[in-house]
file entry-v1.cif (mmCIF, C-alpha atoms)
data_run
#
loop_
_atom_site.label_atom_id
_atom_site.label_comp_id
_atom_site.auth_asym_id
_atom_site.auth_seq_id
_atom_site.Cartn_x
_atom_site.Cartn_y
_atom_site.Cartn_z
CA MET T 336 12.68 -47.12 -63.25
CA GLU T 337 9.81 -44.95 -62.09
CA GLU T 338 7.16 -46.55 -59.85
CA ILE T 339 3.46 -46.03 -60.56
CA LYS T 340 0.89 -47.30 -58.07
CA ILE T 341 -2.25 -48.74 -59.65
CA ASN T 342 -4.82 -50.14 -57.25
CA ASP T 343 -2.73 -52.35 -54.95
CA TYR T 344 0.05 -52.93 -57.50
CA VAL T 345 3.28 -51.24 -58.47
CA VAL T 346 4.15 -50.85 -62.13
CA LYS T 347 7.78 -50.03 -62.81
CA VAL T 348 8.26 -47.99 -65.96
CA ASP T 349 11.36 -46.87 -67.85
CA LYS T 350 9.49 -43.71 -68.87
CA GLU T 351 12.58 -41.90 -70.16
CA LYS T 352 13.43 -44.79 -72.50
CA ILE T 353 9.86 -45.25 -73.71
CA LEU T 354 9.49 -41.52 -74.46
CA GLU T 355 12.70 -41.72 -76.47
CA LEU T 356 11.45 -44.78 -78.41
CA TYR T 357 7.96 -43.39 -79.06
CA ILE T 358 9.37 -40.22 -80.68
CA THR T 359 10.66 -42.27 -83.63
CA LEU T 360 7.48 -44.29 -84.16
CA PRO T 361 4.90 -43.35 -86.81
CA LYS T 362 1.31 -42.62 -85.84
CA VAL T 363 -1.09 -45.53 -86.38
CA SER T 364 -2.83 -43.33 -88.96
CA GLU T 365 0.32 -43.17 -91.14
CA LYS T 366 1.01 -45.71 -93.86
CA ALA T 367 4.40 -46.43 -92.24
CA HIS T 368 2.44 -48.10 -89.42
CA CYS T 369 -0.90 -49.10 -90.93
CA GLY T 370 -2.93 -46.13 -92.15
CA CYS T 371 -6.20 -48.01 -92.59
CA GLU T 372 -9.50 -46.19 -92.03
CA ASP T 373 -9.94 -47.63 -88.51
CA CYS T 374 -6.45 -46.47 -87.49
CA GLN T 375 -7.00 -43.02 -89.00
CA LEU T 376 -10.29 -42.58 -87.15
CA TYR T 377 -8.85 -43.88 -83.89
CA ALA T 378 -5.83 -41.56 -84.02
CA LYS T 379 -8.16 -38.61 -84.60
CA GLN T 380 -10.69 -39.62 -81.93
CA ILE T 381 -8.25 -40.63 -79.15
CA GLN T 382 -6.74 -37.14 -79.09
CA LEU T 383 -10.17 -35.73 -78.17
CA THR T 384 -10.83 -37.98 -75.18
CA SER T 385 -10.85 -36.72 -71.60
CA PRO T 386 -7.69 -35.43 -69.93
CA GLU T 387 -8.08 -38.26 -67.39
CA ILE T 388 -7.76 -40.89 -70.13
CA LEU T 389 -4.90 -39.10 -71.86
CA ASN T 390 -3.08 -38.79 -68.52
CA PHE T 391 -3.44 -42.54 -67.95
CA PHE T 392 -1.45 -43.13 -71.17
CA LYS T 393 0.98 -40.32 -70.37
CA GLN T 394 2.02 -41.74 -66.99
CA PHE T 395 3.64 -44.66 -68.84
CA GLY T 396 5.17 -42.47 -71.56
CA VAL T 397 2.74 -43.90 -74.13
CA ASP T 398 1.56 -41.70 -77.00
CA PRO T 399 -1.98 -42.97 -77.70
CA THR T 400 -1.66 -42.13 -81.41
CA LYS T 401 1.37 -44.41 -81.91
CA GLU T 402 2.55 -48.02 -81.69
CA ALA T 403 -0.81 -49.66 -81.05
CA GLU T 404 -2.55 -52.46 -82.82
CA VAL T 405 -6.02 -50.98 -83.27
CA TRP T 406 -9.32 -52.35 -84.43
CA ARG T 407 -12.78 -50.86 -84.44
CA ALA T 408 -14.86 -53.49 -82.67
CA ILE T 409 -18.21 -51.72 -83.00
CA PRO T 410 -18.30 -49.13 -85.78
CA ASN T 411 -20.54 -46.08 -85.51
CA LYS T 412 -23.24 -47.56 -83.31
CA ASP T 413 -25.59 -44.72 -82.37
CA GLY T 414 -22.92 -42.20 -83.35
CA TYR T 415 -20.13 -43.87 -81.34
CA ASP T 416 -17.24 -46.17 -82.22
CA THR T 417 -15.84 -48.77 -79.84
CA TYR T 418 -12.19 -49.69 -80.27
CA SER T 419 -9.75 -52.18 -78.85
CA ALA T 420 -6.06 -51.32 -78.93
CA ASP T 421 -2.87 -52.85 -77.56
CA TYR T 422 0.17 -50.76 -76.63
CA HIS T 423 3.53 -51.66 -75.14
CA PHE T 424 6.01 -49.97 -72.85
CA ILE T 425 9.24 -50.92 -71.14
CA GLY T 426 8.60 -51.94 -67.57
CA PHE T 427 6.99 -54.63 -65.44
CA ILE T 428 4.22 -55.19 -62.92
CA GLU T 429 5.47 -56.30 -59.51
CA GLY T 430 3.79 -59.16 -57.67
CA THR T 431 1.41 -60.26 -60.42
CA ASP T 432 1.40 -60.99 -64.13
CA ASP T 433 -1.56 -58.74 -64.89
CA ILE T 434 -3.88 -56.06 -63.57
CA ASP T 435 -7.55 -56.52 -64.39
CA TRP T 436 -9.60 -53.84 -66.15
CA ILE T 437 -9.36 -50.34 -64.73
CA HIS T 438 -12.30 -48.12 -65.69
CA ILE T 439 -11.62 -44.48 -66.47
CA GLY T 440 -14.43 -42.53 -68.09
CA GLU T 441 -15.43 -44.21 -71.34
CA ALA T 442 -12.32 -46.42 -71.34
CA SER T 443 -11.14 -49.62 -69.68
CA PHE T 444 -7.45 -50.44 -69.36
CA GLY T 445 -5.77 -53.76 -68.63
CA LEU T 446 -2.06 -54.34 -68.07
CA ALA T 447 -0.05 -57.55 -68.39
CA ASN T 448 3.60 -58.46 -68.27
CA HIS T 449 4.65 -59.56 -71.76
CA ASP T 450 6.38 -62.92 -71.55
CA GLY T 451 6.65 -63.66 -75.26
CA ASP T 452 9.73 -63.69 -77.40
CA LEU T 453 11.27 -60.66 -79.04
CA PRO T 454 11.29 -59.63 -81.78
CA SER T 455 7.53 -59.80 -82.16
CA PRO T 456 5.40 -58.58 -85.07
CA MET T 457 3.23 -56.74 -82.50
CA ILE T 458 6.09 -54.90 -80.76
CA PRO T 459 8.54 -52.48 -82.40
CA ARG T 460 12.04 -53.94 -82.85
CA THR T 461 13.50 -51.03 -80.88
CA PHE T 462 11.79 -52.21 -77.66
CA SER T 463 13.57 -54.47 -75.17
CA LYS T 464 12.43 -56.55 -72.21
CA PRO T 465 10.86 -56.24 -69.75
CA ILE T 466 7.67 -55.15 -71.51
CA VAL T 467 4.15 -54.46 -70.30
CA GLU T 468 1.21 -54.75 -72.68
CA LEU T 469 -1.41 -52.05 -72.15
CA ALA T 470 -4.82 -52.98 -73.55
CA VAL T 471 -7.58 -50.41 -73.94
CA ARG T 472 -11.25 -50.66 -74.80
CA ILE T 473 -12.76 -47.29 -75.49
CA THR T 474 -15.97 -45.85 -76.93
CA MET T 475 -15.68 -42.44 -78.59
CA PRO T 476 -17.97 -40.22 -80.67
CA ASN T 477 -17.70 -41.01 -84.37
CA LEU T 478 -15.75 -38.54 -86.47
CA GLU T 479 -15.21 -38.38 -90.20
CA ILE T 480 -11.71 -38.74 -91.66
#
call {"tool": "encode", "arguments": {"input": "entry-v1.cif", "output": "structure tokens"}}
result
Amino acid sequence: MEEIKINDYVVKVDKEKILELYITLPKVSEKAHCGCEDCQLYAKQIQLTSPEILNFFKQFGVDPTKEAEVWRAIPNKDGYDTYSADYHFIGFIEGTDDIDWIHIGEASFGLANHDGDLPSPMIPRTFSKPIVELAVRITMPNLEI
């Protein structure tokens, strides 16, 4: 597993395995995943965020347009949408169960070791333990579908 240092913590990630698993997953905007309006807007908007935010996802092998459970928490307020989304990747955080919110640009990220049972309706059946849940809160300019 690859080691990624975040603040004073080490996150171990099976990046090769997660990249392999993510390739087969549908985008959140596709009906095979959800395809609702919120998911369609999110998938479109997240691709236009800053390179810094996209690189935060990329370091774990996470494609921000796939796998997540997404909901638009604050729709089109003053031309912006605020979303919450939960992603998963194979790995674990050493020395703690979670890492509190990390602020990067217009986004905040939280990480937690997943200690629930598998299979889970929130996690693709192809994933195996250990799993880290990656939560994001992000505000992005509103776009039309």
call {"tool": "residues_near_point", "arguments": {"input": "entry-v1.cif", "point": "(16.3, -56.4, -72.0)", "cutoff": "10 Å", "atoms": "only C-alpha atoms", "output": "list of chain:residue names"}}
result
T:Ile425, T:Gly426, T:Leu453, T:Phe462, T:Ser463, T:Lys464, T:Pro465, T:Ile466
call {"tool": "closest_atom_pairs", "arguments": {"input": "entry-v1.cif", "of": "segment 379-422 of chain T", "to": "segment 428-441 of chain T", "cutoff": "12 Å", "atoms": "all atoms listed in the file", "output": "Markdown table"}}
result
| residue | atom | partner | partner_atom | distance |
| --- | --- | --- | --- | --- |
| T:Ile381 | CA | T:Glu441 | CA | 11.2 |
| T:Thr384 | CA | T:Glu441 | CA | 8.6 |
| T:Ser385 | CA | T:Gly440 | CA | 7.7 |
| T:Pro386 | CA | T:Gly440 | CA | 10.0 |
| T:Glu387 | CA | T:Ile439 | CA | 7.2 |
| T:Ile388 | CA | T:Ile439 | CA | 6.4 |
| T:Leu389 | CA | T:Ile439 | CA | 10.2 |
| T:Asn390 | CA | T:Ile439 | CA | 10.5 |
| T:Phe391 | CA | T:Ile439 | CA | 8.5 |
| T:Phe392 | CA | T:Ile439 | CA | 11.3 |
| T:Tyr415 | CA | T:Glu441 | CA | 11.1 |
| T:Asp416 | CA | T:Glu441 | CA | 11.2 |
| T:Thr417 | CA | T:Glu441 | CA | 9.7 |
| T:Tyr418 | CA | T:Glu441 | CA | 11.0 |
call {"tool": "closest_residue", "arguments": {"input": "entry-v1.cif", "among": "T:Ser455, T:Arg460, T:Val471, T:His423", "to": "Ser443 of chain T", "atoms": "only C-alpha atoms"}}
result
T:Val471
call {"tool": "resolve_selection", "arguments": {"input": "entry-v1.cif", "expression": "the PyMOL selection byres ((chain T and resi 380) around 8)", "output": "PyMOL selection string"}}
result
chain T and resi 376-379+381-384+475-478
call {"tool": "write_last_selection", "arguments": {"input": "entry-v1.cif", "atoms": "C-alpha atoms", "output": "short mmCIF file (atom, residue, chain, number, x, y, z; two decimals), in the frame of the given file"}}
result
data_model
loop_
_atom_site.label_atom_id
_atom_site.label_comp_id
_atom_site.auth_asym_id
_atom_site.auth_seq_id
_atom_site.Cartn_x
_atom_site.Cartn_y
_atom_site.Cartn_z
CA LEU T 376 -10.29 -42.58 -87.15
CA TYR T 377 -8.85 -43.88 -83.89
CA ALA T 378 -5.83 -41.56 -84.02
CA LYS T 379 -8.16 -38.61 -84.60
CA ILE T 381 -8.25 -40.63 -79.15
CA GLN T 382 -6.74 -37.14 -79.09
CA LEU T 383 -10.17 -35.73 -78.17
CA THR T 384 -10.83 -37.98 -75.18
CA MET T 475 -15.68 -42.44 -78.59
CA PRO T 476 -17.97 -40.22 -80.67
CA ASN T 477 -17.70 -41.01 -84.37
CA LEU T 478 -15.75 -38.54 -86.47
#
call {"tool": "residues_around", "arguments": {"input": "entry-v1.cif", "residues": "Val467 of chain T", "least_positions_apart": "6", "cutoff": "6 Å", "atoms": "all atoms listed in the file", "output": "list in words"}}
result
His423, Phe424, Gly426, Phe427, Ala447, Asn448 and His449 of chain T
call {"tool": "write_last_selection", "arguments": {"input": "entry-v1.cif", "atoms": "C-alpha atoms", "output": "PDB file, in the frame of the given file"}}
result
ATOM      1  CA  HIS T 423       3.530 -51.660 -75.140  1.00  0.00           C
ATOM      2  CA  PHE T 424       6.010 -49.970 -72.850  1.00  0.00           C
ATOM      3  CA  GLY T 426       8.600 -51.940 -67.570  1.00  0.00           C
ATOM      4  CA  PHE T 427       6.990 -54.630 -65.440  1.00  0.00           C
ATOM      5  CA  ALA T 447      -0.050 -57.550 -68.390  1.00  0.00           C
ATOM      6  CA  ASN T 448       3.600 -58.460 -68.270  1.00  0.00           C
ATOM      7  CA  HIS T 449       4.650 -59.560 -71.760  1.00  0.00           C
TER       8      HIS T 449
END
